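These notes are about the structure you will find just below.
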Amino acid sequence: MSNGWLGLNTALSGLRTSQEMLDIASHNIANASTPGYSRQRAELVAAPPFSYPAFNRSGLPGQLGTGVTISSIDRIRDVYLDQQINEQQALDGYWGARSETLATTEASFPEPSGSGMGSQLSAFWSAWEDVAANPSSSATRTAVLTQAASLAARFSRDAGQLSTQVAGVDAQVRGTIGDINDLAARIASLNRQIQGITVSGDHANDLEDQRDQLVEQLNTLVPVQSVAQKDGTVQVLIGGTALVDHDTVRTMGSVDDASGHALPTWPTGDPVDVTGGKLKAYIETRDVTLKGYQDSMNTLARQIADQVNAAHQSGVDQNGDPGQALFTYTAGEEAATLDVNPAVGTDPAKVVVATTSATPGDTSIAARIADLASSATFGTGSQTPADAYASLVGVIGADSKQAGEMQGNQDLVVQQLDNRRSSISGVSLDEEATDVIRFQQAYQASAKVITTINEMLDSLMNMV
Amino acid sequence: MRITNSMLTSRALRDLQANYAAMAKAQEQVSSGKRLNRPSDDPADVQQAIKVTGTLASISQYLRNIGTAQMTATAAETALSGASDAVQRLRELTVEAQNGTLSATDRTAMAQEVQQLSDQIVAMANTKVGDDYVFSGQKTTTPAFANAAAPYGGDGGPLNARIAPGITIATNVTADVAFAPALAAANQLAADLAAGTPPAAGTLTAIDAGLDALLGARTRIGAVDNRLTDTQTFLQSSQDAATQLLSHLQDADMASAISEAASRQTTYQAAISINARILQQSLINEL
């Protein structure tokens, strides 16, 4: 035979559970827009039933339920999808950083236009043509020197832009290493808190969300492997070396290479095996791509200077002195240091046009220099100077275009996966609103049961 | 598939951004009038455009070279024709001086005019364009004849004009070929007349030879001038073709760029108004 008190308790469990369910719905609604948040669901189970203590079982059927209880609160998450997203984030980070960097580089080469290196080259060769047509005019000779100076200035400007870029990307490498260490420290700290909660048997849903999001951010910087541990923590590995293990961080450092560029290392001094992400994009763009552009610029500057100098030195100037080099440069940084030979300076008489001073109408040297414009001995060795420059711009454009397109594609992939994750883990306000209605009604129903039992007890009391 | 609010909002934002980016691209094409605004817009075409721009610059340089050469040719032609007139007059004077009725005094008087004509021929031979003597070969700072009696001071070198890719032509004739025979004849005539004697036998032949030399030089200059004009015409048509190619490479097709911009704008507006309405819908509003 049951008594009325048991019913009150059962109804109370209903009240409490409904209230908690409303709390969970409220938490979900509050976090509907929180990045990285996974919706939470409570596992409702019937409370342990009550068996009548009797020597001989009465005629009553079975056990009597004692209400409802929440067994656990879980976050809804697809671990496999997380892995895929992490992998794609690394690619997204790589192409994103690369396209951003190359778009900036490309902006330093505003082609096609009337103001780039291409038109400077044309103007330089034209100046020599003018001298060849008017050999004794000091105006055309002065123009040669002016154009030579602007060509040299253009080379140094473009080379300077590239060095600034390289320095900027190097700073990004250093900054990214700092960001990686920062994220690692935050993951380690979350690991510690999560471990504390997990050992006490609970699920640290919100902390795990935060940590997973940090791991995802870390993946855009450098591809990592995250291995879940039994105590709820994750071990974060880069190329087999643990960056984070429980709550300890192996801080990444850097060493400078011969050019003073940072390369990431472990505290042991071993290099970090960087296989992707922003970090790889920055290192690769700095050491391969931009370096390649610089090399092309230097080659072209050196070839132009050498060939013009060779011709210029094979004649005599207006004073009858043997021709001097027109350009000077420092080997290794030809483009940046290209300049008009100070010994020639701005003295038009020192411009070499003829092979002997006896025949000022002989313009064979000027013609030889002007002919360099169409001589296929520049760049790769089979290009004219303008072609060599055009193909450098072509390569810069193609690199930037490829990076931009790859980033666009990669963005789509990540968005697709993100959409799938949002479909699984995201908060649906409609669902939560439905839950709010459901548990409001459940609460009202349980309250009604209590009122009813109360009335029953009242009736009983009044019998006395 | 379970659809959540963040899916809707992030997709809406993404699509709006994509539309906006496409609109910006179309707007850039319309407002700059260019299809190529940076190397990555079309790397191959940008390369081509840089090369064609270079070609255009060299064509206009060649046209300028031709202009300079034409100026020299015109000056040479004028000088040669001036000298021819002088020699014609010499011829008349020679015929007149051969008249036996003339006295020695008459001849001496004629000698003065002959001397002037011979100076005129020297002046013509020493024509300058800018600072350069036209008929002195490559010794452009030395006069062809220091005076009527002086020997030719120049050399036989060509004055080359670069008129087209790989094409160089000599635009000059030298005074030793063009003027020297006439000048020698004039000098001889002046000497004879000054001495009061009739012109030596063969003077007329010498003068005619001088005229022929001048005429030959004029023919050569005329041929150079023709060649310059022909090349100019050819270069101008190349210039037109290159300009067209460049425009084809880098200029936006305005009609399609504008209609693209307009259609992007329509899409964008539609997306904004639909998203603004749909994103507000939720059961929450009904609670």
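Ordered as shown in the structure tokens, chains take letters A, B, and onward, while each chain numbers its residues from 1 and ligands are numbered from 1 in the order shown.
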Which residues of chain B come within 9 Å of chain A, and what is each one's closest atom pair and distance in Å (one decimal), counting only C-alpha atoms, sorted by chain and residue number, as a Markdown table?
| residue | atom | partner | partner_atom | distance |
| --- | --- | --- | --- | --- |
| B:Met1 | CA | A:Ser423 | CA | 6.9 |
| B:Arg2 | CA | A:Ser423 | CA | 5.2 |
| B:Ile3 | CA | A:Ser423 | CA | 5.5 |
| B:Thr4 | CA | A:Ser428 | CA | 4.5 |
| B:Asn5 | CA | A:Ser428 | CA | 5.6 |
| B:Ser6 | CA | A:Ser33 | CA | 6.8 |
| B:Met7 | CA | A:Asn419 | CA | 5.9 |
| B:Ser10 | CA | A:Asn419 | CA | 8.7 |
| B:Arg11 | CA | A:Asn419 | CA | 8.5 |
| B:Leu36 | CA | A:Pro112 | CA | 7.0 |
| B:Asn37 | CA | A:Pro112 | CA | 7.1 |
| B:Arg38 | CA | A:Glu111 | CA | 5.8 |
| B:Pro39 | CA | A:Gly397 | CA | 4.2 |
| B:Ser40 | CA | A:Gly397 | CA | 3.9 |
| B:Asp41 | CA | A:Lys401 | CA | 7.3 |
| B:Asp42 | CA | A:Gly397 | CA | 7.4 |
| B:Pro43 | CA | A:Gly394 | CA | 4.8 |
| B:Ala44 | CA | A:Gly394 | CA | 6.3 |
| B:Asp45 | CA | A:Gly394 | CA | 8.5 |
| B:Val46 | CA | A:Pro112 | CA | 6.0 |
| B:Gln47 | CA | A:Ala390 | CA | 4.9 |
| B:Gln48 | CA | A:Ala390 | CA | 7.6 |
| B:Ala49 | CA | A:Pro112 | CA | 6.4 |
| B:Ile50 | CA | A:Ala390 | CA | 5.9 |
| B:Lys51 | CA | A:Asp387 | CA | 6.4 |
| B:Thr53 | CA | A:Ser119 | CA | 7.7 |
| B:Gly54 | CA | A:Ser122 | CA | 6.0 |
| B:Thr55 | CA | A:Ser122 | CA | 8.7 |
| B:Ala57 | CA | A:Ser122 | CA | 6.2 |
| B:Ser58 | CA | A:Ser122 | CA | 7.0 |
| B:Gln61 | CA | A:Ser126 | CA | 6.1 |
| B:Tyr62 | CA | A:Glu129 | CA | 8.2 |
| B:Arg64 | CA | A:Asp130 | CA | 8.2 |
| B:Asn65 | CA | A:Ala133 | CA | 6.2 |
| B:Thr68 | CA | A:Ala133 | CA | 6.8 |
| B:Ala69 | CA | A:Ala133 | CA | 7.7 |
| B:Gly130 | CA | A:Ser137 | CA | 7.9 |
| B:Asp131 | CA | A:Ser136 | CA | 6.8 |
| B:Asp132 | CA | A:Ser136 | CA | 7.0 |
| B:Ser136 | CA | A:Gly361 | CA | 9.0 |
| B:Gly137 | CA | A:Gly361 | CA | 7.2 |
| B:Gln138 | CA | A:Gly361 | CA | 3.9 |
| B:Lys139 | CA | A:Thr359 | CA | 4.6 |
| B:Thr140 | CA | A:Gly361 | CA | 5.3 |
| B:Thr141 | CA | A:Pro360 | CA | 7.0 |
| B:Asp155 | CA | A:Thr359 | CA | 8.4 |
| B:Gly157 | CA | A:Asp362 | CA | 7.7 |
| B:Pro158 | CA | A:Asp362 | CA | 7.8 |
| B:Leu159 | CA | A:Gly361 | CA | 6.2 |
| B:Asn160 | CA | A:Thr363 | CA | 7.6 |
| B:Ala161 | CA | A:Ala133 | CA | 6.3 |
| B:Arg162 | CA | A:Ala133 | CA | 7.7 |
| B:Pro165 | CA | A:Ser374 | CA | 8.3 |
| B:Gly166 | CA | A:Asp371 | CA | 8.3 |
| B:Gln250 | CA | A:Pro112 | CA | 7.9 |
| B:Ser282 | CA | A:Asp430 | CA | 6.1 |
| B:Leu283 | CA | A:Asp430 | CA | 5.2 |
| B:Ile284 | CA | A:Ala433 | CA | 5.6 |
| B:Leu287 | CA | A:Ala433 | CA | 7.6 |
| message | Report as a list in words all protein, DNA and RNA residues lying within 9 Å of range 274-277 of chain A, evaluated on only C-alpha atoms, omitting residues in the same chain fewer than 4 positions from it. | response | Gln89, Ala90, Leu91, Asp92, Gly93, Tyr94, Trp95, Gly96, Ala97, Leu218, Asn219, Thr220, Leu221, Val222, Pro223, Ile238, Gly239, Pro264, Ala281 and Tyr282 of chain A
| message | For the structure I just gave you, how does DSSP split range 254-308 of chain A - specifically, which residues are helix (DSSP H, G or I)? Reply as a VMD selection string. | response | chain A and resid 277 to 308
Write the residues of the selection above to a file with C-alpha atoms, as an mmCIF file, in the first residue's frame.
data_model
loop_
_atom_site.group_PDB
_atom_site.id
_atom_site.type_symbol
_atom_site.label_atom_id
_atom_site.label_comp_id
_atom_site.auth_asym_id
_atom_site.auth_seq_id
_atom_site.Cartn_x
_atom_site.Cartn_y
_atom_site.Cartn_z
ATOM 1 C CA GLY A 277 49.118 26.128 -41.891
ATOM 2 C CA LYS A 278 49.956 29.818 -41.815
ATOM 3 C CA LEU A 279 53.392 29.154 -40.389
ATOM 4 C CA LYS A 280 54.414 27.099 -43.428
ATOM 5 C CA ALA A 281 52.830 29.640 -45.796
ATOM 6 C CA TYR A 282 54.857 32.444 -44.261
ATOM 7 C CA ILE A 283 58.133 30.483 -44.214
ATOM 8 C CA GLU A 284 57.675 29.216 -47.768
ATOM 9 C CA THR A 285 56.566 32.579 -49.174
ATOM 10 C CA ARG A 286 59.521 34.279 -47.502
ATOM 11 C CA ASP A 287 62.222 31.738 -48.377
ATOM 12 C CA VAL A 288 61.045 30.495 -51.772
ATOM 13 C CA THR A 289 58.484 32.723 -53.464
ATOM 14 C CA LEU A 290 59.621 36.231 -52.551
ATOM 15 C CA LYS A 291 63.241 35.079 -52.705
ATOM 16 C CA GLY A 292 62.584 33.940 -56.272
ATOM 17 C CA TYR A 293 61.178 37.362 -57.203
ATOM 18 C CA GLN A 294 64.194 39.055 -55.638
ATOM 19 C CA ASP A 295 66.548 36.772 -57.534
ATOM 20 C CA SER A 296 64.821 37.565 -60.840
ATOM 21 C CA MET A 297 65.028 41.302 -60.152
ATOM 22 C CA ASN A 298 68.699 41.023 -59.224
ATOM 23 C CA THR A 299 69.491 38.972 -62.312
ATOM 24 C CA LEU A 300 67.775 41.468 -64.589
ATOM 25 C CA ALA A 301 69.459 44.453 -62.907
ATOM 26 C CA ARG A 302 72.867 42.777 -63.150
ATOM 27 C CA GLN A 303 72.391 41.766 -66.792
ATOM 28 C CA ILE A 304 71.261 45.238 -67.843
ATOM 29 C CA ALA A 305 74.086 46.924 -65.923
ATOM 30 C CA ASP A 306 76.731 44.511 -67.232
ATOM 31 C CA GLN A 307 75.693 44.654 -70.870
ATOM 32 C CA VAL A 308 75.208 48.433 -70.907
#
| Asp253 in chain B: which residues within 12 Å, counting only C-alpha atoms, same-chain residues fewer than 2 positions away excluded, as a ChimeraX atom specification? | /B:26,29-36,247-251,255-260
Take the residues from that selection and write them out as a PDB file, in the first residue's frame, keeping C-alpha atoms.
ATOM      1  CA  ALA B  26      32.262  44.757 -61.767  1.00  0.00           C
ATOM      2  CA  GLN B  29      35.985  47.388 -64.238  1.00  0.00           C
ATOM      3  CA  VAL B  30      33.378  50.019 -65.065  1.00  0.00           C
ATOM      4  CA  SER B  31      35.029  52.843 -63.152  1.00  0.00           C
ATOM      5  CA  SER B  32      38.612  52.127 -64.227  1.00  0.00           C
ATOM      6  CA  GLY B  33      37.578  51.145 -67.739  1.00  0.00           C
ATOM      7  CA  LYS B  34      40.193  48.419 -67.482  1.00  0.00           C
ATOM      8  CA  ARG B  35      39.835  44.682 -67.510  1.00  0.00           C
ATOM      9  CA  LEU B  36      43.326  44.265 -66.074  1.00  0.00           C
ATOM     10  CA  SER B 247      43.036  47.979 -75.892  1.00  0.00           C
ATOM     11  CA  HIS B 248      41.656  44.502 -76.557  1.00  0.00           C
ATOM     12  CA  LEU B 249      43.916  43.089 -73.843  1.00  0.00           C
ATOM     13  CA  GLN B 250      43.366  45.581 -71.095  1.00  0.00           C
ATOM     14  CA  ASP B 251      40.221  47.578 -71.716  1.00  0.00           C
ATOM     15  CA  ALA B 255      28.611  47.099 -72.291  1.00  0.00           C
ATOM     16  CA  SER B 256      29.097  43.750 -70.604  1.00  0.00           C
ATOM     17  CA  ALA B 257      30.848  45.246 -67.563  1.00  0.00           C
ATOM     18  CA  ILE B 258      27.958  47.634 -66.963  1.00  0.00           C
ATOM     19  CA  SER B 259      25.305  44.979 -67.408  1.00  0.00           C
ATOM     20  CA  GLU B 260      27.293  42.673 -65.119  1.00  0.00           C
TER      21      GLU B 260
END
| request: Could you give me, as a list in words, the residues within 12 Å of Leu22 in chain A, counting only C-alpha atoms and dropping anything in the same chain fewer than 5 positions from it? | output: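 Counting only C-alpha atoms, the residues come to Leu15, Arg16, Thr17, His27, Asn28, Ile29, Ala30, Gln40, Arg41, Ala42, Glu432, Ala433, Thr434, Asp435, Val436, Ile437, Arg438, Phe439, Gln440, Gln441, Ala442 and Tyr443 of chain A.
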Please report, as an mmCIF file with C-alpha atoms, in the first residue's frame, each residue of range 125-274 of chain B to which DSSP assigns strand (DSSP E) when run on this structure's backbone.
data_model
loop_
_atom_site.group_PDB
_atom_site.id
_atom_site.type_symbol
_atom_site.label_atom_id
_atom_site.label_comp_id
_atom_site.auth_asym_id
_atom_site.auth_seq_id
_atom_site.Cartn_x
_atom_site.Cartn_y
_atom_site.Cartn_z
ATOM 1 C CA LYS B 128 73.968 72.386 -90.251
ATOM 2 C CA VAL B 129 71.003 70.739 -88.601
ATOM 3 C CA ASP B 132 75.785 69.007 -86.777
ATOM 4 C CA TYR B 133 77.198 69.497 -90.255
ATOM 5 C CA ASN B 160 72.788 56.223 -89.622
ATOM 6 C CA ALA B 161 69.152 56.458 -88.715
ATOM 7 C CA ARG B 162 67.468 53.595 -86.888
ATOM 8 C CA ILE B 163 64.093 53.580 -88.556
ATOM 9 C CA ALA B 164 62.568 50.213 -87.699
ATOM 10 C CA ILE B 167 66.726 48.467 -89.972
ATOM 11 C CA THR B 168 69.373 51.168 -90.079
ATOM 12 C CA ILE B 169 69.857 53.385 -93.126
ATOM 13 C CA ALA B 170 72.498 55.944 -94.013
#
| message | Neighbouring residues of Leu183 in chain A were defined as those with any atom within 9 Å, considering only C-alpha atoms; residues of the same chain fewer than 6 positions away were excluded. Please report them as a count of residues only. | response | 4
| query | If you count only C-alpha atoms, which residues fall within 12 Å of Val344 in chain A, apart from same-chain ones fewer than 6 positions away, as a count of residues only? | reply | 22
| query | Any idea what's packed within 12 Å of Gly201 in chain A, counting only C-alpha atoms, ignoring anything in its chain fewer than 4 positions away? Could you give it as a PyMOL selection string? | reply | chain A and resi 71-73+194-197+230-232
Would you save the residues from that selection as a PDB file, in the first residue's frame, using C-alpha atoms?
ATOM      1  CA  SER A  71      21.766  11.141 -15.624  1.00  0.00           C
ATOM      2  CA  SER A  72      24.179  13.360 -17.533  1.00  0.00           C
ATOM      3  CA  ILE A  73      24.452  16.551 -19.539  1.00  0.00           C
ATOM      4  CA  ILE A 194      38.939  19.748 -17.543  1.00  0.00           C
ATOM      5  CA  GLN A 195      40.974  17.051 -15.854  1.00  0.00           C
ATOM      6  CA  GLY A 196      39.789  18.280 -12.439  1.00  0.00           C
ATOM      7  CA  ILE A 197      36.153  18.093 -13.498  1.00  0.00           C
ATOM      8  CA  LYS A 230      41.228   9.135 -20.675  1.00  0.00           C
ATOM      9  CA  ASP A 231      41.281  11.950 -18.147  1.00  0.00           C
ATOM     10  CA  GLY A 232      39.478  14.243 -20.591  1.00  0.00           C
TER      11      GLY A 232
END
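One finds CA of Ile85 in chain A at 11.0 Å from CA of Gln410 in chain A.
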| field | Nearest candidate to Thr171 in chain B (options B:Val224, B:Ala22, B:Leu13, B:Leu90; using only C-alpha atoms) | value |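 Looking only at the distances to Thr171 in chain B, the closest residue turns out to be B:Val224.
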| Please, what distance in Å, to one decimal, runs between CA of Leu211 in chain B and CA of Asp85 in chain B? |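 Separating CA of Leu211 in chain B from CA of Asp85 in chain B is a distance of 9.3 Å.
The coordinates place CA of Glu113 in chain B at 15.6 Å from CA of Ala184 in chain B.
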